[in-house]
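So this one's model.txt, compact mmCIF, C-alpha atoms:
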# COMPACT_ATOMS: atom_id res chain seq x y z
CA ILE A 28 29.14 119.06 160.74
CA PRO A 29 25.88 117.60 162.07
CA GLU A 30 26.40 114.73 164.48
CA ASP A 31 23.86 112.58 162.65
CA ALA A 32 25.46 113.07 159.23
CA GLY A 33 26.01 109.80 157.42
CA VAL A 34 29.54 109.07 156.21
CA PRO A 35 29.57 106.62 153.30
CA MET A 36 32.14 103.86 153.68
CA ALA A 37 33.19 101.00 151.44
CA PRO A 38 35.64 98.17 152.10
CA SER A 39 38.91 98.31 150.22
CA ALA A 40 41.82 95.97 149.75
CA ARG A 41 45.14 95.95 147.98
CA THR A 42 45.11 94.47 144.50
CA ASP A 43 47.24 91.45 143.64
CA GLU A 44 49.52 93.76 141.67
CA ASP A 45 50.01 95.97 144.75
CA ARG A 46 50.90 92.94 146.88
CA VAL A 47 53.34 91.64 144.26
CA LEU A 48 55.02 95.04 144.01
CA ALA A 49 55.39 95.13 147.79
CA LYS A 50 57.09 91.72 147.79
CA VAL A 51 59.36 92.68 144.89
CA ARG A 52 60.44 95.87 146.68
CA HIS A 53 61.04 93.94 149.90
CA VAL A 54 63.31 91.37 148.22
CA LEU A 55 65.28 93.88 146.19
CA THR A 56 65.85 96.33 149.04
CA ALA A 57 66.97 93.36 151.18
CA CYS A 58 69.48 92.55 148.42
CA GLY A 59 70.91 96.06 148.62
CA TYR A 60 69.03 97.78 145.79
CA ASP A 61 67.58 101.29 145.87
CA GLU A 62 64.43 102.22 143.99
CA ALA A 63 64.87 104.65 141.10
CA LEU A 64 62.32 106.90 139.45
CA THR A 65 63.03 107.99 135.88
CA ILE A 66 60.95 109.86 133.35
CA SER A 67 59.00 107.93 130.69
CA VAL A 68 60.16 110.08 127.77
CA VAL A 69 63.69 109.94 126.40
CA ASP A 70 65.56 111.41 123.49
CA ASP A 71 65.83 109.59 120.19
CA GLY A 72 69.39 108.38 120.80
CA LEU A 73 68.54 106.78 124.14
CA SER A 74 65.39 105.24 122.69
CA ALA A 75 67.31 103.71 119.78
CA SER A 76 70.14 102.37 121.98
CA PHE A 77 68.22 99.28 123.10
CA SER A 78 64.70 98.01 122.36
CA PRO A 79 64.29 94.29 123.16
CA TRP A 80 60.49 94.10 123.03
CA THR A 81 59.64 95.67 119.68
CA ASP A 82 61.22 96.87 116.44
CA ALA A 83 58.43 99.40 115.84
CA PRO A 84 59.45 103.07 115.97
CA PRO A 85 58.73 104.70 119.33
CA LEU A 86 55.74 106.94 119.86
CA ALA A 87 56.70 110.61 119.61
CA LEU A 88 55.32 113.57 121.52
CA GLN A 89 54.39 116.74 119.65
CA THR A 90 55.90 118.85 122.45
CA PRO A 91 59.00 117.54 124.26
CA ILE A 92 58.71 117.51 128.07
CA LEU A 93 62.47 118.00 128.34
CA GLU A 94 64.97 119.19 125.75
CA ARG A 95 64.97 116.65 122.88
CA ALA A 96 63.12 114.11 125.09
CA ASP A 97 60.12 113.39 122.91
CA ARG A 98 60.05 109.56 122.62
CA LEU A 99 58.02 107.29 124.89
CA ARG A 100 60.51 104.66 126.02
CA ARG A 101 60.23 101.04 124.92
CA SER A 102 62.50 99.67 127.67
CA LEU A 103 63.60 100.70 131.15
CA ILE A 104 67.19 99.55 130.60
CA PRO A 105 68.52 102.62 128.70
CA SER A 106 67.11 104.94 131.38
CA LEU A 107 68.69 102.92 134.19
CA LEU A 108 72.06 102.79 132.43
CA LYS A 109 71.91 106.57 132.01
CA VAL A 110 71.27 106.90 135.76
CA ARG A 111 74.21 104.57 136.34
CA ARG A 112 76.45 106.78 134.20
CA ASP A 113 75.34 109.89 136.11
CA ASN A 114 76.11 108.22 139.45
CA GLU A 115 79.53 107.10 138.23
CA ALA A 116 80.27 110.69 137.21
CA LEU A 117 79.46 111.77 140.79
CA GLY A 118 81.87 109.20 142.20
CA ASN A 119 79.28 106.86 143.71
CA ARG A 120 80.87 103.44 144.14
CA THR A 121 77.77 101.36 144.88
CA ILE A 122 75.04 101.69 142.25
CA GLU A 123 72.36 99.04 142.73
CA LEU A 124 69.06 100.28 141.31
CA PHE A 125 65.62 98.98 140.34
CA GLU A 126 62.53 100.60 138.90
CA THR A 127 58.92 99.54 138.30
CA ALA A 128 57.28 101.51 135.50
CA LYS A 129 55.43 101.15 132.23
CA VAL A 130 56.97 100.98 128.79
CA TYR A 131 55.12 101.87 125.60
CA LEU A 132 55.16 99.39 122.74
CA PRO A 133 53.51 100.67 119.51
CA ARG A 134 50.98 98.49 117.71
CA ASP A 135 49.51 98.92 114.22
CA SER A 136 46.22 100.85 114.17
CA ALA A 137 45.70 100.38 117.91
CA LEU A 138 46.59 101.91 121.20
CA PRO A 139 50.07 100.95 122.39
CA ASP A 140 50.72 98.03 124.69
CA GLU A 141 51.72 99.44 128.11
CA PRO A 142 53.16 96.59 130.21
CA LEU A 143 54.37 97.31 133.72
CA MET A 144 58.02 96.27 133.92
CA LEU A 145 60.61 95.62 136.58
CA GLY A 146 64.03 96.88 135.51
CA LEU A 147 67.29 96.78 137.40
CA THR A 148 70.94 97.59 137.00
CA SER A 149 73.76 96.30 139.17
CA GLY A 150 77.51 96.47 139.48
CA ARG A 151 77.53 92.75 140.23
CA GLY A 152 78.06 89.97 137.71
CA PHE A 153 75.62 87.98 135.62
CA PHE A 154 75.22 85.07 138.03
CA GLU A 155 74.76 87.27 141.10
CA VAL A 156 71.95 89.20 139.42
CA LYS A 157 70.44 85.94 138.19
CA GLY A 158 70.39 84.83 141.83
CA THR A 159 68.63 88.07 142.80
CA LEU A 160 65.91 87.43 140.21
CA GLU A 161 65.55 83.87 141.46
CA GLY A 162 65.07 85.34 144.93
CA VAL A 163 62.28 87.58 143.61
CA LEU A 164 60.57 84.66 141.89
CA GLY A 165 61.04 82.43 144.95
CA ALA A 166 59.32 85.00 147.18
CA LEU A 167 56.34 85.16 144.82
CA ALA A 168 56.03 81.58 143.57
CA PRO A 169 58.22 79.16 145.57
CA ALA A 170 57.51 76.20 143.29
CA ALA A 171 58.30 78.07 140.06
CA ALA A 172 61.65 78.31 138.29
CA TRP A 173 62.95 80.32 135.37
CA GLU A 174 63.67 78.59 132.11
CA ILE A 175 66.76 80.14 130.52
CA ARG A 176 67.07 80.61 126.76
CA PRO A 177 70.14 81.99 124.96
CA TYR A 178 70.00 85.62 123.91
CA ALA A 179 72.50 87.58 121.86
CA ASP A 180 72.78 91.34 121.50
CA GLU A 181 75.82 93.57 121.04
CA LEU A 182 74.88 95.32 124.30
CA PHE A 183 75.77 92.14 126.21
CA THR A 184 78.85 89.99 126.69
CA ARG A 185 78.68 86.78 124.68
CA GLY A 186 77.47 83.91 126.85
CA ARG A 187 76.37 86.30 129.62
CA ALA A 188 72.86 87.11 128.39
CA CYS A 189 69.60 85.18 128.36
CA ARG A 190 65.85 85.38 127.97
CA LEU A 191 63.78 84.45 131.02
CA VAL A 192 60.88 82.10 130.36
CA LEU A 193 58.04 81.36 132.78
CA GLY A 194 55.10 79.13 131.94
CA GLY A 195 56.29 78.80 128.34
CA ARG A 196 56.33 82.59 127.77
CA GLU A 197 59.34 84.85 127.39
CA ILE A 198 58.79 87.48 130.06
CA GLY A 199 62.20 88.95 130.72
CA LEU A 200 65.86 89.28 129.89
CA LEU A 201 69.13 89.40 131.77
CA GLY A 202 72.57 90.38 130.54
CA GLU A 203 76.01 91.55 131.56
CA VAL A 204 76.91 94.68 129.61
CA SER A 205 79.78 94.16 127.17
CA ALA A 206 82.77 96.43 126.64
CA ALA A 207 81.04 97.83 123.55
CA GLY A 208 77.86 98.36 125.55
CA ARG A 209 79.74 100.18 128.30
CA LYS A 210 81.32 102.41 125.68
CA ARG A 211 77.90 103.10 124.16
CA PHE A 212 76.56 104.34 127.49
CA ASP A 213 79.89 105.84 128.65
CA LEU A 214 80.10 103.49 131.65
CA ARG A 215 83.31 102.92 133.58
CA GLY A 216 82.67 99.74 135.54
CA VAL A 217 80.96 96.36 135.32
CA ALA A 218 77.20 96.56 134.79
CA THR A 219 74.48 93.95 134.59
CA VAL A 220 70.87 94.71 133.68
CA ALA A 221 67.54 92.88 133.69
CA GLU A 222 63.96 93.60 132.72
CA VAL A 223 60.89 91.50 133.57
CA ARG A 224 57.17 91.81 132.86
CA LEU A 225 55.43 92.19 136.21
CA ALA A 226 52.05 90.97 134.93
CA ALA A 227 53.54 87.50 134.42
CA LEU A 228 54.93 87.51 137.97
CA THR A 229 51.50 88.54 139.29
CA GLU A 230 49.85 85.64 137.46
CA ALA A 231 52.35 83.14 138.90
CA ALA A 232 52.38 84.60 142.43
CA VAL A 233 51.11 82.55 145.37
CA LEU A 234 49.91 85.31 147.68
CA VAL A 235 48.26 83.12 150.32
CA PRO A 236 50.88 81.19 152.37
CA ARG A 237 50.48 77.42 152.21
CA TYR A 238 51.32 75.05 155.01
CA GLN A 239 54.04 72.52 154.32
CA ARG A 240 54.86 69.75 156.72
CA LEU A 241 58.41 69.77 158.03
CA PRO A 242 60.49 66.75 156.93
CA GLU A 243 60.84 64.00 159.54
CA HIS A 244 63.72 62.10 157.94
CA PRO A 245 67.25 63.26 157.06
CA ALA A 246 68.40 64.14 153.56
CA MET A 247 71.34 62.56 151.75
CA GLU A 248 73.60 64.34 149.26
CA ARG A 249 75.33 62.95 146.21
CA ASP A 250 77.62 64.84 143.81
CA LEU A 251 77.81 64.43 140.05
CA ASN A 252 80.43 65.82 137.71
CA LEU A 253 79.05 65.44 134.20
CA VAL A 254 81.03 66.14 131.03
CA VAL A 255 78.80 67.33 128.16
CA ASP A 256 79.15 69.07 124.82
CA GLU A 257 79.43 72.86 124.91
CA GLY A 258 76.01 73.24 123.27
CA VAL A 259 74.14 71.30 125.95
CA ARG A 260 72.03 73.66 128.07
CA TRP A 261 71.89 73.41 131.84
CA HIS A 262 68.11 73.79 131.76
CA ASP A 263 67.77 70.61 129.67
CA VAL A 264 70.15 68.64 131.91
CA ALA A 265 68.26 69.81 135.02
CA ALA A 266 64.94 68.74 133.49
CA THR A 267 66.35 65.26 132.82
CA VAL A 268 67.70 64.98 136.37
CA ARG A 269 64.41 66.09 137.92
CA GLY A 270 62.41 63.73 135.71
CA CYS A 271 64.57 60.76 136.70
CA GLY A 272 64.89 61.75 140.37
CA GLY A 273 61.15 61.93 140.93
CA PRO A 274 59.79 62.54 144.44
CA LEU A 275 63.08 61.49 146.09
CA LEU A 276 64.94 64.44 144.54
CA GLU A 277 64.36 67.29 146.97
CA ARG A 278 66.89 69.78 145.59
CA LEU A 279 69.23 70.16 142.63
CA ASP A 280 72.13 72.64 142.63
CA LEU A 281 74.68 73.58 139.98
CA LYS A 282 77.92 74.48 141.75
CA GLY A 283 79.63 77.46 140.17
CA GLU A 284 80.22 78.00 136.47
CA PRO A 285 80.85 75.11 134.04
CA PHE A 286 84.50 74.02 133.95
CA ARG A 287 86.31 74.08 130.59
CA ASP A 288 89.75 72.67 129.82
CA GLU A 289 90.61 71.19 126.42
CA LYS A 290 93.49 69.16 127.83
CA LYS A 291 91.43 67.53 130.56
CA LEU A 292 87.98 67.39 128.94
CA GLY A 293 88.60 67.66 125.20
CA ALA A 294 87.67 70.32 122.67
CA GLY A 295 84.11 71.62 122.81
CA LYS A 296 83.44 70.04 126.20
CA LYS A 297 82.47 71.39 129.62
CA SER A 298 81.82 69.78 132.99
CA LEU A 299 78.88 70.47 135.28
CA LEU A 300 79.32 69.94 139.01
CA ILE A 301 75.93 69.04 140.44
CA THR A 302 74.77 68.32 143.99
CA LEU A 303 71.68 66.15 144.51
CA SER A 304 69.76 66.37 147.78
CA LEU A 305 67.70 63.20 148.26
CA ARG A 306 65.01 62.57 150.86
CA ALA A 307 62.09 60.17 151.31
CA ALA A 308 58.96 61.40 153.06
CA ASP A 309 58.19 58.11 154.84
CA ARG A 310 61.60 56.66 155.74
CA THR A 311 65.34 57.25 155.96
CA LEU A 312 67.03 56.51 152.65
CA THR A 313 69.83 53.98 152.69
CA SER A 314 73.17 54.57 151.01
CA VAL A 315 72.35 51.81 148.53
CA GLU A 316 69.10 53.55 147.51
CA ALA A 317 70.86 56.90 147.13
CA ASP A 318 73.68 55.41 145.05
CA ASP A 319 71.22 53.52 142.89
CA LEU A 320 69.24 56.69 142.14
CA ARG A 321 72.48 58.54 141.38
CA SER A 322 73.44 55.82 138.88
CA ARG A 323 70.03 56.01 137.18
CA ILE A 324 70.36 59.78 136.85
CA VAL A 325 73.82 59.44 135.27
CA GLU A 326 72.46 56.90 132.77
CA ALA A 327 69.48 59.15 131.93
CA CYS A 328 71.84 62.07 131.26
CA ARG A 329 74.07 59.86 129.12
CA THR A 330 71.10 58.77 127.02
CA ALA A 331 69.51 62.21 126.67
CA HIS A 332 72.59 64.46 126.41
CA GLY A 333 75.61 62.24 125.73
CA ALA A 334 76.92 63.04 129.22
CA ALA A 335 79.82 61.15 130.74
CA LEU A 336 80.70 60.95 134.43
CA ARG A 337 84.02 62.66 135.08
CA THR A 338 86.24 60.69 137.41

Please re-express this file's structure in structure tokens.
Amino acid sequence: IPEDAGVPMAPSARTDEDRVLAKVRHVLTACGYDEALTISVVDDGLSASFSPWTDAPPLALQTPILERADRLRRSLIPSLLKVRRDNEALGNRTIELFETAKVYLPRDSALPDEPLMLGLTSGRGFFEVKGTLEGVLGALAPAAAWEIRPYADELFTRGRACRLVLGGREIGLLGEVSAAGRKRFDLRGVATVAEVRLAALTEAAVLVPRYQRLPEHPAMERDLNLVVDEGVRWHDVAATVRGCGGPLLERLDLKGEPFRDEKKLGAGKKSLLITLSLRAADRTLTSVEADDLRSRIVEACRTAHGAALRT
């Protein structure tokens, strides 16, 4: 090679999608998940077992890559549940898996939509996996929060499934597999699954760290135990609390699952145990100010949702 030969060079950088994928992998591996790699074609039975994104028939290959596997998958969840079943058959006790891959959604007279998805399966419960997804979103967009919408499918336990909404768009789902769902996939133990569109996470991601000044004044906490009708959604209550709390409301936490007891609360009622963290940026809040804000929040919830303070 001549010493004076020119070597062309061009600057390169990771794309936003690459950086988001790196953060997603970091959070999930820190939560105890292993990355799975499954094939994009499945047999007709697996393809038909669950398809949350489209009702259109799957695209079929003329020549199967594997025996009877000739359908381009429309969801990652059936593939991950199959891997879960295989691991259970081998006696593996801990099966925490995630995968990032494309699915193939047919469209009339057009090329298929090929969104990149994040799928996961866990032996943990619904709320633990929900917390994992909140950790993923928090690492990408600290100021963002999922909106939860009810979702029903026979694959999932009633009341333990939801659609995930971000920026007004449904971008994912989360559900704890029901007894019927476990039987469908020949599973032995508890299983929870989730699937999220990664393009939406990339759009929401804040990839350049932003400086935030550390608080100079202490926070104060106040608890609320609100009794509401069974049909009242936590998302709507939280929106009311945040709207009333304003800049003094630093954090809002729902403690555990809603409590239900017909004798103590009445039929069709549930109670929500909420902790408010209050802080002013320019001064130390007084107990009177904190109690006054708590009272205003209770009144706002009573007006908007018919909530009553449980004593």

Give me the range 139-200 of chain A side of the contact with range 122-128 of chain A, cut-off 12 Å, one line per residue showing its nearest atom pair and distance in Å at one decimal, counting all atoms listed in the file, sorted by chain and residue number, as CSV.
residue,atom,partner,partner_atom,distance
A:Glu141,CA,A:Ala128,CA,9.5
A:Pro142,CA,A:Ala128,CA,8.3
A:Leu143,CA,A:Ala128,CA,5.4
A:Met144,CA,A:Ala128,CA,5.5
A:Leu145,CA,A:Thr127,CA,4.6
A:Gly146,CA,A:Glu126,CA,5.3
A:Leu147,CA,A:Phe125,CA,4.0
A:Thr148,CA,A:Leu124,CA,5.4
A:Ser149,CA,A:Glu123,CA,4.7
A:Gly150,CA,A:Ile122,CA,6.4
A:Arg151,CA,A:Glu123,CA,8.5
A:Gly152,CA,A:Glu123,CA,11.8
A:Val156,CA,A:Glu123,CA,10.4
A:Thr159,CA,A:Phe125,CA,11.6
A:Leu160,CA,A:Phe125,CA,11.6

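The space separating CA of Asp113 in chain A from CA of Ala63 in chain A comes to 12.7 Å.
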
### Message
With distances taken over all atoms listed in the file, which residue among A:Ser322, A:Thr338, A:Thr229, A:Thr219 lies nearest Cys189 in chain A?
### Response
A:Thr219

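Residue nearest Leu305 in chain A, chosen from A:Gly195, A:Gly333, A:Pro285, A:Gly273 and counting all atoms listed in the file: A:Gly273.
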
### Residue neighbourhood range 84-99 of chain A, 9 Å, only C-alpha atoms, exclusion window fewer than 5 positions, as a PyMOL selection string
chain A and resi 67-71+74-75+130-133+139

Since we have the selection now, will you write its residues out, keeping C-alpha atoms, as a PDB file, in the coordinates of the input?
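Writing the result to again.pdb gives the following:
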ATOM      1  CA  SER A  67      59.000 107.930 130.690  1.00  0.00           C
ATOM      2  CA  VAL A  68      60.160 110.080 127.770  1.00  0.00           C
ATOM      3  CA  VAL A  69      63.690 109.940 126.400  1.00  0.00           C
ATOM      4  CA  ASP A  70      65.560 111.410 123.490  1.00  0.00           C
ATOM      5  CA  ASP A  71      65.830 109.590 120.190  1.00  0.00           C
ATOM      6  CA  SER A  74      65.390 105.240 122.690  1.00  0.00           C
ATOM      7  CA  ALA A  75      67.310 103.710 119.780  1.00  0.00           C
ATOM      8  CA  VAL A 130      56.970 100.980 128.790  1.00  0.00           C
ATOM      9  CA  TYR A 131      55.120 101.870 125.600  1.00  0.00           C
ATOM     10  CA  LEU A 132      55.160  99.390 122.740  1.00  0.00           C
ATOM     11  CA  PRO A 133      53.510 100.670 119.510  1.00  0.00           C
ATOM     12  CA  PRO A 139      50.070 100.950 122.390  1.00  0.00           C
TER      13      PRO A 139
END

### Query
How many Å separate CA of Trp261 in chain A from CA of Glu197 in chain A?
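Interatomic distance, CA of Trp261 in chain A to CA of Glu197 in chain A: 17.6 Å.
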
### Task
Would you list the contacts of range 42-49 of chain A as a ChimeraX atom specification, taking every protein, DNA or RNA residue within 8 Å and counting only C-alpha atoms, but skipping same-chain residues closer than 5 positions in sequence?
/A:167,226,228-229,232,234

### Query
In Å, with one decimal, what is the gap from CA of Ala171 in chain A to CA of Glu155 in chain A?
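Distance between the two atoms: 18.9 Å.
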
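Neighbours of Ser78 in chain A closer than or equal to 10 Å, with all atoms listed in the file counted and sequence neighbours fewer than 5 positions away skipped, come out as Leu73, Ala83, Pro84, Pro85, Arg100, Arg101, Ser102, Leu103, Ile104, Pro105 and Leu132 of chain A.
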